[in-house]
$ cat input-v7.pdb   # PDB, C-alpha atoms, pLDDT in the B column
ATOM      1  CA  MET A  86      16.933 -78.662 190.154  1.00 57.00           C
ATOM      2  CA  LYS A  87      14.980 -76.458 187.738  1.00 60.00           C
ATOM      3  CA  LYS A  88      16.989 -73.390 188.811  1.00 55.00           C
ATOM      4  CA  LEU A  89      20.250 -75.251 188.242  1.00 42.00           C
ATOM      5  CA  SER A  90      19.156 -76.294 184.736  1.00 47.00           C
ATOM      6  CA  CYS A  91      18.182 -72.714 183.877  1.00 44.00           C
ATOM      7  CA  PHE A  92      21.507 -71.433 185.211  1.00 42.00           C
ATOM      8  CA  ILE A  93      23.501 -73.950 183.140  1.00 43.00           C
ATOM      9  CA  ALA A  94      21.510 -73.080 180.010  1.00 42.00           C
ATOM     10  CA  PHE A  95      22.139 -69.363 180.624  1.00 43.00           C
ATOM     11  CA  VAL A  96      25.893 -69.897 181.095  1.00 40.00           C
ATOM     12  CA  LEU A  97      26.088 -71.905 177.870  1.00 40.00           C
ATOM     13  CA  LEU A  98      24.234 -69.205 175.930  1.00 44.00           C
ATOM     14  CA  VAL A  99      26.414 -66.425 177.285  1.00 45.00           C
ATOM     15  CA  SER A 100      29.657 -68.315 176.703  1.00 44.00           C
ATOM     16  CA  CYS A 101      28.787 -69.112 173.058  1.00 54.00           C
ATOM     17  CA  ARG A 102      28.494 -65.500 171.926  1.00 71.00           C
ATOM     18  CA  PRO A 103      30.762 -64.542 169.032  1.00 86.00           C
ATOM     19  CA  MET A 104      30.695 -60.767 169.531  1.00 92.00           C
ATOM     20  CA  HIS A 105      33.335 -59.108 171.712  1.00 91.00           C
ATOM     21  CA  LYS A 106      32.072 -57.572 174.958  1.00 93.00           C
ATOM     22  CA  TYR A 107      33.010 -54.119 173.606  1.00 91.00           C
ATOM     23  CA  ALA A 108      31.169 -54.586 170.289  1.00 92.00           C
ATOM     24  CA  LYS A 109      28.008 -53.207 171.857  1.00 93.00           C
ATOM     25  CA  TYR A 110      29.758 -49.824 172.041  1.00 93.00           C
ATOM     26  CA  ASN A 111      30.278 -49.642 168.259  1.00 94.00           C
ATOM     27  CA  GLU A 112      28.781 -46.518 166.708  1.00 93.00           C
ATOM     28  CA  TYR A 113      27.841 -46.594 163.022  1.00 91.00           C
ATOM     29  CA  SER A 114      27.560 -43.469 160.916  1.00 89.00           C
ATOM     30  CA  ARG A 115      28.019 -42.166 157.418  1.00 84.00           C
ATOM     31  CA  ALA A 116      31.265 -40.343 156.678  1.00 78.00           C
ATOM     32  CA  ASP A 117      31.597 -38.109 153.636  1.00 74.00           C
ATOM     33  CA  ILE A 118      34.927 -38.574 151.933  1.00 66.00           C
ATOM     34  CA  ASN A 119      36.421 -35.985 149.601  1.00 61.00           C
ATOM     35  CA  ASN A 120      39.414 -37.252 147.643  1.00 54.00           C
ATOM     36  CA  ASN A 121      40.452 -33.705 146.702  1.00 52.00           C
ATOM     37  CA  TYR A 122      40.068 -34.405 142.978  1.00 51.00           C
ATOM     38  CA  SER A 123      36.861 -32.499 142.389  1.00 50.00           C
ATOM     39  CA  MET A 124      33.400 -32.122 143.859  1.00 51.00           C
ATOM     40  CA  LYS A 125      32.137 -35.018 141.734  1.00 56.00           C
ATOM     41  CA  ASP A 126      34.560 -37.326 143.553  1.00 57.00           C
ATOM     42  CA  GLN A 127      32.730 -36.987 146.860  1.00 60.00           C
ATOM     43  CA  TYR A 128      31.948 -40.450 148.278  1.00 66.00           C
ATOM     44  CA  TYR A 129      30.625 -41.744 151.491  1.00 72.00           C
ATOM     45  CA  ALA A 130      31.808 -44.555 153.655  1.00 80.00           C
ATOM     46  CA  ILE A 131      30.482 -46.232 156.739  1.00 87.00           C
ATOM     47  CA  MET A 132      32.408 -45.187 159.815  1.00 88.00           C
ATOM     48  CA  ILE A 133      32.502 -47.588 162.737  1.00 92.00           C
ATOM     49  CA  ARG A 134      33.827 -46.034 165.914  1.00 91.00           C
ATOM     50  CA  ASN A 135      34.248 -47.584 169.328  1.00 91.00           C
ATOM     51  CA  LYS A 136      35.323 -45.130 172.008  1.00 88.00           C
ATOM     52  CA  LYS A 137      35.824 -47.857 174.640  1.00 88.00           C
ATOM     53  CA  VAL A 138      38.745 -49.380 172.704  1.00 86.00           C
ATOM     54  CA  ASP A 139      39.623 -46.183 170.778  1.00 85.00           C
ATOM     55  CA  PHE A 140      38.940 -47.949 167.453  1.00 88.00           C
ATOM     56  CA  ILE A 141      37.799 -46.555 164.133  1.00 88.00           C
ATOM     57  CA  LEU A 142      37.178 -48.252 160.776  1.00 90.00           C
ATOM     58  CA  TYR A 143      36.010 -46.870 157.463  1.00 87.00           C
ATOM     59  CA  LEU A 144      34.265 -49.258 155.055  1.00 86.00           C
ATOM     60  CA  SER A 145      32.584 -49.029 151.725  1.00 77.00           C
ATOM     61  CA  HIS A 146      28.811 -49.376 152.035  1.00 71.00           C
ATOM     62  CA  ASN A 147      28.758 -52.899 150.543  1.00 75.00           C
ATOM     63  CA  TYR A 148      28.313 -54.687 153.867  1.00 84.00           C
ATOM     64  CA  ASP A 149      25.538 -55.456 156.295  1.00 87.00           C
ATOM     65  CA  LEU A 150      27.079 -55.061 159.737  1.00 91.00           C
ATOM     66  CA  ALA A 151      26.226 -57.135 162.798  1.00 91.00           C
ATOM     67  CA  LYS A 152      25.437 -54.918 165.754  1.00 91.00           C
ATOM     68  CA  ASN A 153      24.670 -57.676 168.255  1.00 92.00           C
ATOM     69  CA  ASN A 154      24.838 -61.459 168.617  1.00 93.00           C
ATOM     70  CA  ARG A 155      21.360 -62.051 167.219  1.00 93.00           C
ATOM     71  CA  GLN A 156      22.060 -60.003 164.094  1.00 92.00           C
ATOM     72  CA  PHE A 157      25.422 -61.718 163.796  1.00 92.00           C
ATOM     73  CA  ARG A 158      23.840 -65.176 163.646  1.00 92.00           C
ATOM     74  CA  ARG A 159      21.102 -64.003 161.244  1.00 91.00           C
ATOM     75  CA  LEU A 160      23.507 -62.272 158.845  1.00 89.00           C
ATOM     76  CA  LYS A 161      25.993 -65.150 158.948  1.00 88.00           C
ATOM     77  CA  LYS A 162      23.233 -67.577 158.031  1.00 87.00           C
ATOM     78  CA  SER A 163      21.933 -65.269 155.275  1.00 83.00           C
ATOM     79  CA  SER A 164      25.429 -64.898 153.793  1.00 82.00           C
ATOM     80  CA  GLY A 165      25.772 -68.667 153.401  1.00 81.00           C
ATOM     81  CA  SER A 166      29.377 -68.600 154.620  1.00 84.00           C
ATOM     82  CA  PRO A 167      30.937 -71.776 156.027  1.00 87.00           C
ATOM     83  CA  LYS A 168      31.198 -72.311 159.754  1.00 88.00           C
ATOM     84  CA  ILE A 169      34.221 -71.154 161.729  1.00 90.00           C
ATOM     85  CA  GLU A 170      35.049 -73.019 164.928  1.00 92.00           C
ATOM     86  CA  ASP A 171      36.035 -70.992 168.003  1.00 92.00           C
ATOM     87  CA  LEU A 172      34.940 -67.690 166.439  1.00 92.00           C
ATOM     88  CA  GLU A 173      34.923 -65.351 169.430  1.00 93.00           C
ATOM     89  CA  ASP A 174      35.831 -61.762 170.250  1.00 94.00           C
ATOM     90  CA  VAL A 175      34.428 -60.322 166.995  1.00 94.00           C
ATOM     91  CA  LEU A 176      34.535 -56.539 167.241  1.00 94.00           C
ATOM     92  CA  VAL A 177      33.109 -55.974 163.745  1.00 94.00           C
ATOM     93  CA  GLY A 178      31.418 -58.490 161.452  1.00 93.00           C
ATOM     94  CA  GLY A 179      30.483 -57.570 157.886  1.00 91.00           C
ATOM     95  CA  PHE A 180      28.444 -59.638 155.468  1.00 88.00           C
ATOM     96  CA  THR A 181      27.383 -59.349 151.866  1.00 81.00           C
ATOM     97  CA  THR A 182      23.985 -60.977 152.204  1.00 67.00           C
ATOM     98  CA  LYS A 183      21.813 -62.524 149.510  1.00 64.00           C
ATOM     99  CA  SER A 184      19.494 -59.500 149.566  1.00 62.00           C
ATOM    100  CA  HIS A 185      22.466 -57.205 148.866  1.00 61.00           C
ATOM    101  CA  LEU A 186      23.563 -59.402 145.962  1.00 63.00           C
ATOM    102  CA  GLU A 187      20.072 -59.125 144.431  1.00 67.00           C
ATOM    103  CA  TYR A 188      20.621 -55.361 144.062  1.00 65.00           C
ATOM    104  CA  PHE A 189      24.284 -55.683 143.008  1.00 63.00           C
ATOM    105  CA  PRO A 190      24.648 -59.078 141.299  1.00 64.00           C
ATOM    106  CA  GLU A 191      28.060 -58.170 139.873  1.00 65.00           C
ATOM    107  CA  GLY A 192      29.457 -57.503 143.342  1.00 61.00           C
ATOM    108  CA  PRO A 193      31.545 -60.009 145.291  1.00 65.00           C
ATOM    109  CA  ASN A 194      30.098 -62.155 148.061  1.00 76.00           C
ATOM    110  CA  GLU A 195      32.378 -61.099 150.907  1.00 85.00           C
ATOM    111  CA  VAL A 196      32.339 -61.843 154.618  1.00 90.00           C
ATOM    112  CA  PHE A 197      34.809 -60.459 157.129  1.00 93.00           C
ATOM    113  CA  TYR A 198      35.397 -60.586 160.849  1.00 94.00           C
ATOM    114  CA  ILE A 199      37.663 -58.293 162.844  1.00 94.00           C
ATOM    115  CA  LEU A 200      38.679 -59.988 166.073  1.00 94.00           C
ATOM    116  CA  LEU A 201      40.132 -57.992 168.954  1.00 92.00           C
ATOM    117  CA  ASN A 202      42.580 -59.854 171.208  1.00 92.00           C
ATOM    118  CA  PRO A 203      41.088 -63.302 170.467  1.00 93.00           C
ATOM    119  CA  LYS A 204      41.516 -65.818 173.272  1.00 92.00           C
ATOM    120  CA  LYS A 205      41.244 -68.838 170.945  1.00 91.00           C
ATOM    121  CA  GLU A 206      42.580 -69.358 167.451  1.00 93.00           C
ATOM    122  CA  PRO A 207      39.616 -69.714 165.050  1.00 93.00           C
ATOM    123  CA  VAL A 208      39.528 -72.865 162.927  1.00 93.00           C
ATOM    124  CA  PHE A 209      38.195 -72.436 159.394  1.00 92.00           C
ATOM    125  CA  ASP A 210      38.330 -73.787 155.864  1.00 91.00           C
ATOM    126  CA  THR A 211      41.429 -72.227 154.269  1.00 90.00           C
ATOM    127  CA  ASN A 212      39.922 -72.811 150.832  1.00 90.00           C
ATOM    128  CA  TYR A 213      37.171 -70.334 151.691  1.00 90.00           C
ATOM    129  CA  TYR A 214      38.770 -67.909 154.177  1.00 92.00           C
ATOM    130  CA  THR A 215      42.073 -66.097 154.457  1.00 90.00           C
ATOM    131  CA  THR A 216      43.448 -64.260 157.454  1.00 91.00           C
ATOM    132  CA  ARG A 217      45.790 -61.447 158.305  1.00 90.00           C
ATOM    133  CA  ASP A 218      47.045 -60.475 161.755  1.00 89.00           C
ATOM    134  CA  THR A 219      48.596 -57.314 163.097  1.00 85.00           C
ATOM    135  CA  ILE A 220      49.375 -55.702 166.421  1.00 84.00           C
ATOM    136  CA  ILE A 221      48.305 -52.101 166.915  1.00 78.00           C
ATOM    137  CA  ASP A 222      49.318 -50.440 170.194  1.00 76.00           C
ATOM    138  CA  GLY A 223      49.584 -53.806 171.939  1.00 82.00           C
ATOM    139  CA  ASN A 224      46.207 -55.056 170.678  1.00 85.00           C
ATOM    140  CA  VAL A 225      46.114 -58.173 168.515  1.00 89.00           C
ATOM    141  CA  ILE A 226      43.844 -57.602 165.531  1.00 90.00           C
ATOM    142  CA  LYS A 227      42.882 -60.586 163.401  1.00 93.00           C
ATOM    143  CA  LEU A 228      41.036 -60.073 160.150  1.00 92.00           C
ATOM    144  CA  ILE A 229      39.320 -63.115 158.649  1.00 93.00           C
ATOM    145  CA  PHE A 230      38.117 -62.559 155.100  1.00 92.00           C
ATOM    146  CA  THR A 231      36.526 -64.647 152.355  1.00 90.00           C
ATOM    147  CA  LYS A 232      38.775 -65.598 149.465  1.00 87.00           C
ATOM    148  CA  ASP A 233      37.744 -64.404 146.049  1.00 78.00           C
ATOM    149  CA  LYS A 234      39.258 -62.513 143.150  1.00 72.00           C
ATOM    150  CA  ARG A 235      39.167 -59.204 145.081  1.00 71.00           C
ATOM    151  CA  SER A 236      39.915 -60.446 148.583  1.00 75.00           C
ATOM    152  CA  GLU A 237      43.483 -59.136 148.800  1.00 80.00           C
ATOM    153  CA  GLU A 238      42.405 -55.680 147.605  1.00 82.00           C
ATOM    154  CA  SER A 239      39.446 -55.575 150.012  1.00 81.00           C
ATOM    155  CA  MET A 240      41.548 -56.815 152.945  1.00 84.00           C
ATOM    156  CA  GLN A 241      44.182 -54.176 152.240  1.00 85.00           C
ATOM    157  CA  PHE A 242      41.490 -51.503 152.110  1.00 84.00           C
ATOM    158  CA  ILE A 243      40.192 -52.543 155.539  1.00 86.00           C
ATOM    159  CA  PHE A 244      43.728 -52.619 156.975  1.00 84.00           C
ATOM    160  CA  ASP A 245      44.515 -49.181 155.557  1.00 84.00           C
ATOM    161  CA  ASN A 246      41.367 -47.690 157.088  1.00 85.00           C
ATOM    162  CA  MET A 247      41.402 -49.353 160.521  1.00 86.00           C
ATOM    163  CA  HIS A 248      42.918 -47.437 163.418  1.00 82.00           C
ATOM    164  CA  ILE A 249      43.357 -47.758 167.165  1.00 78.00           C
ATOM    165  CA  ASN A 250      44.216 -44.529 168.997  1.00 68.00           C
ATOM    166  CA  TYR A 251      42.795 -42.951 165.918  1.00 60.00           C
ATOM    167  CA  GLY A 252      42.421 -39.187 166.287  1.00 55.00           C
ATOM    168  CA  ARG A 253      41.088 -38.289 162.840  1.00 51.00           C
ATOM    169  CA  PRO A 254      42.891 -40.419 160.217  1.00 53.00           C
ATOM    170  CA  GLU A 255      42.848 -39.655 156.534  1.00 56.00           C
ATOM    171  CA  VAL A 256      40.766 -42.078 154.550  1.00 53.00           C
ATOM    172  CA  ASP A 257      41.831 -43.207 151.091  1.00 53.00           C
ATOM    173  CA  MET A 258      38.642 -44.200 149.242  1.00 48.00           C
ATOM    174  CA  LYS A 259      40.155 -43.924 145.767  1.00 48.00           C
ATOM    175  CA  SER A 260      41.488 -47.497 146.004  1.00 47.00           C
ATOM    176  CA  MET A 261      37.879 -48.688 146.006  1.00 45.00           C
ATOM    177  CA  PHE A 262      36.790 -46.592 143.016  1.00 44.00           C
ATOM    178  CA  TYR A 263      39.782 -46.028 140.759  1.00 41.00           C
ATOM    179  CA  LYS A 264      41.699 -48.782 138.995  1.00 39.00           C
ATOM    180  CA  GLU A 265      45.066 -47.656 137.682  1.00 40.00           C
TER
END
$ encode --input "input-v7.pdb" --output "C-alpha coordinates"
Amino acid sequence: MKKLSCFIAFVLLVSCRPMHKYAKYNEYSRADINNNYSMKDQYYAIMIRNKKVDFILYLSHNYDLAKNNRQFRRLKKSSGSPKIEDLEDVLVGGFTTKSHLEYFPEGPNEVFYILLNPKKEPVFDTNYYTTRDTIIDGNVIKLIFTKDKRSEESMQFIFDNMHINYGRPEVDMKSMFYKE
(Lines of atoms letter the chains of each structure in order from A and count residues from 1; the text may use other names and numbers.)
(Lines give C-alpha, C1' and ligand atoms only; values in the text may rest on other atoms or scores of the structure.)
Protein backbone atom coordinates (compact mmCIF):
# COMPACT_ATOMS: atom_id res chain seq x y z
CA MET A 1 0.00 0.00 0.00
CA LYS A 2 2.88 2.36 0.82
CA LYS A 3 4.45 1.72 -2.60
CA LEU A 4 1.16 2.48 -4.33
CA SER A 5 0.81 5.78 -2.43
CA CYS A 6 4.36 6.79 -3.35
CA PHE A 7 3.73 5.90 -6.99
CA ILE A 8 0.52 7.97 -7.12
CA ALA A 9 2.28 10.94 -5.49
CA PHE A 10 5.12 10.67 -8.02
CA VAL A 11 2.71 10.54 -10.99
CA LEU A 12 0.87 13.61 -9.71
CA LEU A 13 4.12 15.55 -9.29
CA VAL A 14 5.36 14.63 -12.75
CA SER A 15 2.05 15.40 -14.44
CA CYS A 16 1.79 18.87 -12.84
CA ARG A 17 5.02 20.23 -14.32
CA PRO A 18 4.62 23.40 -16.37
CA MET A 19 7.88 23.17 -18.33
CA HIS A 20 7.94 21.40 -21.69
CA LYS A 21 9.94 18.16 -21.82
CA TYR A 22 12.38 19.85 -24.23
CA ALA A 23 12.91 22.92 -22.02
CA LYS A 24 15.75 21.15 -20.25
CA TYR A 25 17.73 21.39 -23.50
CA ASN A 26 17.58 25.21 -23.57
CA GLU A 27 21.01 26.82 -23.72
CA TYR A 28 21.40 30.38 -22.42
CA SER A 29 24.19 32.67 -23.54
CA ARG A 30 25.03 36.28 -24.16
CA ALA A 31 24.88 37.48 -27.76
CA ASP A 32 26.59 40.69 -28.82
CA ILE A 33 24.43 42.69 -31.18
CA ASN A 34 25.84 45.34 -33.49
CA ASN A 35 23.18 47.50 -35.13
CA ASN A 36 25.65 48.80 -37.72
CA TYR A 37 25.22 52.40 -36.57
CA SER A 38 28.51 52.80 -34.77
CA MET A 39 30.66 51.02 -32.22
CA LYS A 40 28.83 52.78 -29.38
CA ASP A 41 25.61 51.06 -30.47
CA GLN A 42 26.89 47.61 -29.51
CA TYR A 43 24.35 45.87 -27.23
CA TYR A 44 23.97 42.46 -25.85
CA ALA A 45 20.98 40.22 -25.66
CA ILE A 46 20.27 36.91 -24.06
CA MET A 47 20.18 34.13 -26.62
CA ILE A 48 18.11 31.06 -25.82
CA ARG A 49 18.78 28.16 -28.14
CA ASN A 50 17.27 24.70 -28.12
CA LYS A 51 18.83 22.33 -30.64
CA LYS A 52 16.26 19.57 -29.98
CA VAL A 53 13.42 21.68 -31.43
CA ASP A 54 15.67 23.91 -33.58
CA PHE A 55 14.49 27.01 -31.67
CA ILE A 56 16.24 30.29 -31.01
CA LEU A 57 15.09 33.44 -29.19
CA TYR A 58 16.85 36.70 -28.50
CA LEU A 59 15.70 38.74 -25.49
CA SER A 60 16.74 41.89 -23.77
CA HIS A 61 18.42 41.17 -20.43
CA ASN A 62 15.42 42.39 -18.38
CA TYR A 63 14.16 38.92 -17.49
CA ASP A 64 14.98 36.17 -15.05
CA LEU A 65 14.54 32.94 -16.99
CA ALA A 66 13.25 29.66 -15.58
CA LYS A 67 15.58 26.81 -16.43
CA ASN A 68 13.65 24.05 -14.66
CA ASN A 69 10.34 23.43 -12.89
CA ARG A 70 11.64 24.42 -9.47
CA GLN A 71 12.99 27.74 -10.73
CA PHE A 72 9.77 28.26 -12.65
CA ARG A 73 7.64 27.99 -9.51
CA ARG A 74 10.05 30.18 -7.49
CA LEU A 75 10.25 32.93 -10.13
CA LYS A 76 6.50 32.87 -10.76
CA LYS A 77 5.86 33.32 -7.05
CA SER A 78 8.48 36.09 -6.80
CA SER A 79 6.96 37.95 -9.76
CA GLY A 80 3.56 38.09 -8.06
CA SER A 81 1.75 37.26 -11.30
CA PRO A 82 -1.76 35.79 -11.15
CA LYS A 83 -2.32 32.08 -11.56
CA ILE A 84 -2.89 30.51 -14.97
CA GLU A 85 -4.88 27.28 -15.10
CA ASP A 86 -3.64 24.48 -17.37
CA LEU A 87 -0.27 26.16 -17.96
CA GLU A 88 1.76 23.37 -19.52
CA ASP A 89 4.36 22.91 -22.25
CA VAL A 90 6.29 26.10 -21.40
CA LEU A 91 9.46 26.14 -23.48
CA VAL A 92 10.66 29.51 -22.12
CA GLY A 93 9.37 31.43 -19.10
CA GLY A 94 10.61 34.94 -18.34
CA PHE A 95 9.89 36.98 -15.25
CA THR A 96 10.65 40.46 -14.05
CA THR A 97 11.04 39.66 -10.37
CA LYS A 98 10.83 42.00 -7.39
CA SER A 99 14.62 41.93 -7.00
CA HIS A 100 15.02 43.10 -10.62
CA LEU A 101 12.55 45.93 -10.05
CA GLU A 102 14.59 47.11 -7.04
CA TYR A 103 17.51 47.81 -9.41
CA PHE A 104 15.31 49.21 -12.21
CA PRO A 105 12.21 50.69 -10.55
CA GLU A 106 11.19 52.52 -13.73
CA GLY A 107 11.06 49.27 -15.69
CA PRO A 108 7.86 47.36 -16.41
CA ASN A 109 6.81 44.31 -14.42
CA GLU A 110 6.54 41.80 -17.25
CA VAL A 111 5.97 38.06 -17.30
CA PHE A 112 5.88 35.92 -20.42
CA TYR A 113 5.50 32.28 -21.32
CA ILE A 114 6.29 30.70 -24.67
CA LEU A 115 4.35 27.47 -25.06
CA LEU A 116 5.32 24.91 -27.68
CA ASN A 117 2.47 22.78 -29.07
CA PRO A 118 0.30 23.12 -25.93
CA LYS A 119 -2.04 20.19 -25.35
CA LYS A 120 -4.49 22.25 -23.26
CA GLU A 121 -5.67 25.81 -23.69
CA PRO A 122 -4.45 27.87 -20.69
CA VAL A 123 -7.11 29.74 -18.73
CA PHE A 124 -6.08 33.14 -17.38
CA ASP A 125 -7.34 36.55 -16.35
CA THR A 126 -7.64 38.57 -19.58
CA ASN A 127 -7.38 41.78 -17.58
CA TYR A 128 -3.83 40.83 -16.63
CA TYR A 129 -2.57 38.70 -19.55
CA THR A 130 -2.75 38.89 -23.32
CA THR A 131 -1.87 36.20 -25.81
CA ARG A 132 -0.68 35.80 -29.35
CA ASP A 133 -0.48 32.57 -31.35
CA THR A 134 1.42 31.63 -34.47
CA ILE A 135 2.42 28.53 -36.37
CA ILE A 136 6.05 28.19 -37.39
CA ASP A 137 6.97 25.17 -39.52
CA GLY A 138 3.98 23.21 -38.22
CA ASN A 139 4.67 24.03 -34.56
CA VAL A 140 2.04 25.94 -32.60
CA ILE A 141 3.68 28.71 -30.60
CA LYS A 142 1.62 30.51 -27.97
CA LEU A 143 2.99 33.58 -26.27
CA ILE A 144 1.27 34.67 -23.06
CA PHE A 145 2.34 38.11 -21.88
CA THR A 146 1.37 40.52 -19.11
CA LYS A 147 -0.65 43.55 -20.16
CA ASP A 148 0.88 46.92 -19.48
CA LYS A 149 1.67 50.09 -21.38
CA ARG A 150 4.56 48.41 -23.25
CA SER A 151 3.14 44.92 -23.68
CA GLU A 152 2.40 45.16 -27.41
CA GLU A 153 5.90 46.49 -28.13
CA SER A 154 7.56 43.81 -25.98
CA MET A 155 5.43 41.02 -27.49
CA GLN A 156 6.30 42.18 -30.99
CA PHE A 157 9.98 42.23 -30.08
CA ILE A 158 9.81 38.62 -28.87
CA PHE A 159 7.91 37.55 -32.01
CA ASP A 160 10.42 39.29 -34.27
CA ASN A 161 13.35 37.56 -32.57
CA MET A 162 11.94 34.04 -32.17
CA HIS A 163 12.81 31.46 -34.80
CA ILE A 164 12.34 27.76 -35.48
CA ASN A 165 14.67 26.27 -38.10
CA TYR A 166 16.73 29.29 -37.33
CA GLY A 167 20.13 29.17 -39.01
CA ARG A 168 21.56 32.52 -37.91
CA PRO A 169 18.78 35.14 -38.01
CA GLU A 170 19.42 38.85 -37.91
CA VAL A 171 18.42 40.43 -34.64
CA ASP A 172 16.87 43.89 -34.53
CA MET A 173 17.67 45.32 -31.08
CA LYS A 174 17.08 48.95 -32.07
CA SER A 175 13.34 48.58 -31.38
CA MET A 176 14.21 48.13 -27.71
CA PHE A 177 16.54 51.14 -27.50
CA TYR A 178 15.44 53.72 -30.04
CA LYS A 179 12.07 55.46 -30.02
CA GLU A 180 11.26 57.19 -33.29
$ resolve_selection --input "input-v7.pdb" --expression "the PyMOL selection byres ((chain A and resi 220-231) around 7)" --output "NGL selection string"
:A and (195-202 or 213-219 or 232-233 or 236 or 249)
$ resolve_selection --input "input-v7.pdb" --expression "the PyMOL selection byres ((chain A and resi 111) around 9)" --output "JSON, numbers by chain"
{"A": [107, 108, 109, 110, 112, 113, 133, 134, 135, 136, 137, 140, 152, 176, 177]}
$ write_last_selection --input "input-v7.pdb" --atoms "C-alpha atoms" --output "PDB file, in the coordinates of the input"
ATOM      1  CA  TYR A 107      33.010 -54.119 173.606  1.00 91.00           C
ATOM      2  CA  ALA A 108      31.169 -54.586 170.289  1.00 92.00           C
ATOM      3  CA  LYS A 109      28.008 -53.207 171.857  1.00 93.00           C
ATOM      4  CA  TYR A 110      29.758 -49.824 172.041  1.00 93.00           C
ATOM      5  CA  GLU A 112      28.781 -46.518 166.708  1.00 93.00           C
ATOM      6  CA  TYR A 113      27.841 -46.594 163.022  1.00 91.00           C
ATOM      7  CA  ILE A 133      32.502 -47.588 162.737  1.00 92.00           C
ATOM      8  CA  ARG A 134      33.827 -46.034 165.914  1.00 91.00           C
ATOM      9  CA  ASN A 135      34.248 -47.584 169.328  1.00 91.00           C
ATOM     10  CA  LYS A 136      35.323 -45.130 172.008  1.00 88.00           C
ATOM     11  CA  LYS A 137      35.824 -47.857 174.640  1.00 88.00           C
ATOM     12  CA  PHE A 140      38.940 -47.949 167.453  1.00 88.00           C
ATOM     13  CA  LYS A 152      25.437 -54.918 165.754  1.00 91.00           C
ATOM     14  CA  LEU A 176      34.535 -56.539 167.241  1.00 94.00           C
ATOM     15  CA  VAL A 177      33.109 -55.974 163.745  1.00 94.00           C
TER      16      VAL A 177
END
$ residues_around --input "input-v7.pdb" --residues "A:Asp210" --least-positions-apart "6" --cutoff "9 Å" --atoms "all atoms listed in the file" --output "ChimeraX atom specification"
/A:167-169
$ write_last_selection --input "input-v7.pdb" --atoms "C-alpha atoms" --output "short mmCIF file (atom, residue, chain, number, x, y, z; two decimals), in the frame of the given file"
data_model
loop_
_atom_site.label_atom_id
_atom_site.label_comp_id
_atom_site.auth_asym_id
_atom_site.auth_seq_id
_atom_site.Cartn_x
_atom_site.Cartn_y
_atom_site.Cartn_z
CA PRO A 167 30.94 -71.78 156.03
CA LYS A 168 31.20 -72.31 159.75
CA ILE A 169 34.22 -71.15 161.73
#
$ atom_distance --input "input-v7.pdb" --atom1 "atom CA of A:Thr211" --atom2 "atom CA of A:Ala130"
29.3 Å
$ atom_distance --input "input-v7.pdb" --atom1 "atom CA of A:Leu172" --atom2 "atom CA of A:Asn194"
19.8 Å
$ closest_residue --input "input-v7.pdb" --among "A:Lys106, A:Asp149, A:Ile141, A:Ser163" --to "A:Asp245" --atoms "all atoms listed in the file"
A:Ile141
$ closest_residue --input "input-v7.pdb" --among "A:His146, A:His248, A:Arg159, A:Lys204" --to "A:Asp174" --atoms "all atoms listed in the file"
A:Lys204
$ atom_distance --input "input-v7.pdb" --atom1 "atom CA of A:Val175" --atom2 "atom CA of A:Leu144"
16.3 Å
$ closest_residue --input "input-v7.pdb" --among "A:Gly165, A:Phe157, A:Arg115, A:Ile243" --to "A:Arg102" --atoms "only C-alpha atoms"
A:Phe157
$ closest_residue --input "input-v7.pdb" --among "A:Met132, A:Leu150, A:Met247, A:Val138" --to "A:Gly179" --atoms "only C-alpha atoms"
A:Leu150
$ axis_aligned_box --input "input-v7.pdb" --around "stretch 218-227 of chain A" --padding-each-side "4 Å" --output "JSON"
{"center_x": 46.2, "center_y": -55.5, "center_z": 166.8, "size_x": 14.7, "size_y": 18.1, "size_z": 18.2}
$ closest_residue --input "input-v7.pdb" --among "A:Asn154, A:Tyr143, A:Ser239, A:Met104" --to "A:Pro203" --atoms "only C-alpha atoms"
A:Met104
$ closest_residue --input "input-v7.pdb" --among "A:Ile131, A:His105, A:Phe180, A:Arg235" --to "A:Lys162" --atoms "only C-alpha atoms"
A:Phe180
$ residues_around --input "input-v7.pdb" --residues "A:Pro207" --least-positions-apart "2" --cutoff "8 Å" --atoms "only C-alpha atoms" --output "list in words"
Ile169, Glu170, Asp171, Leu172, Glu173, Lys205 and Phe209 of chain A
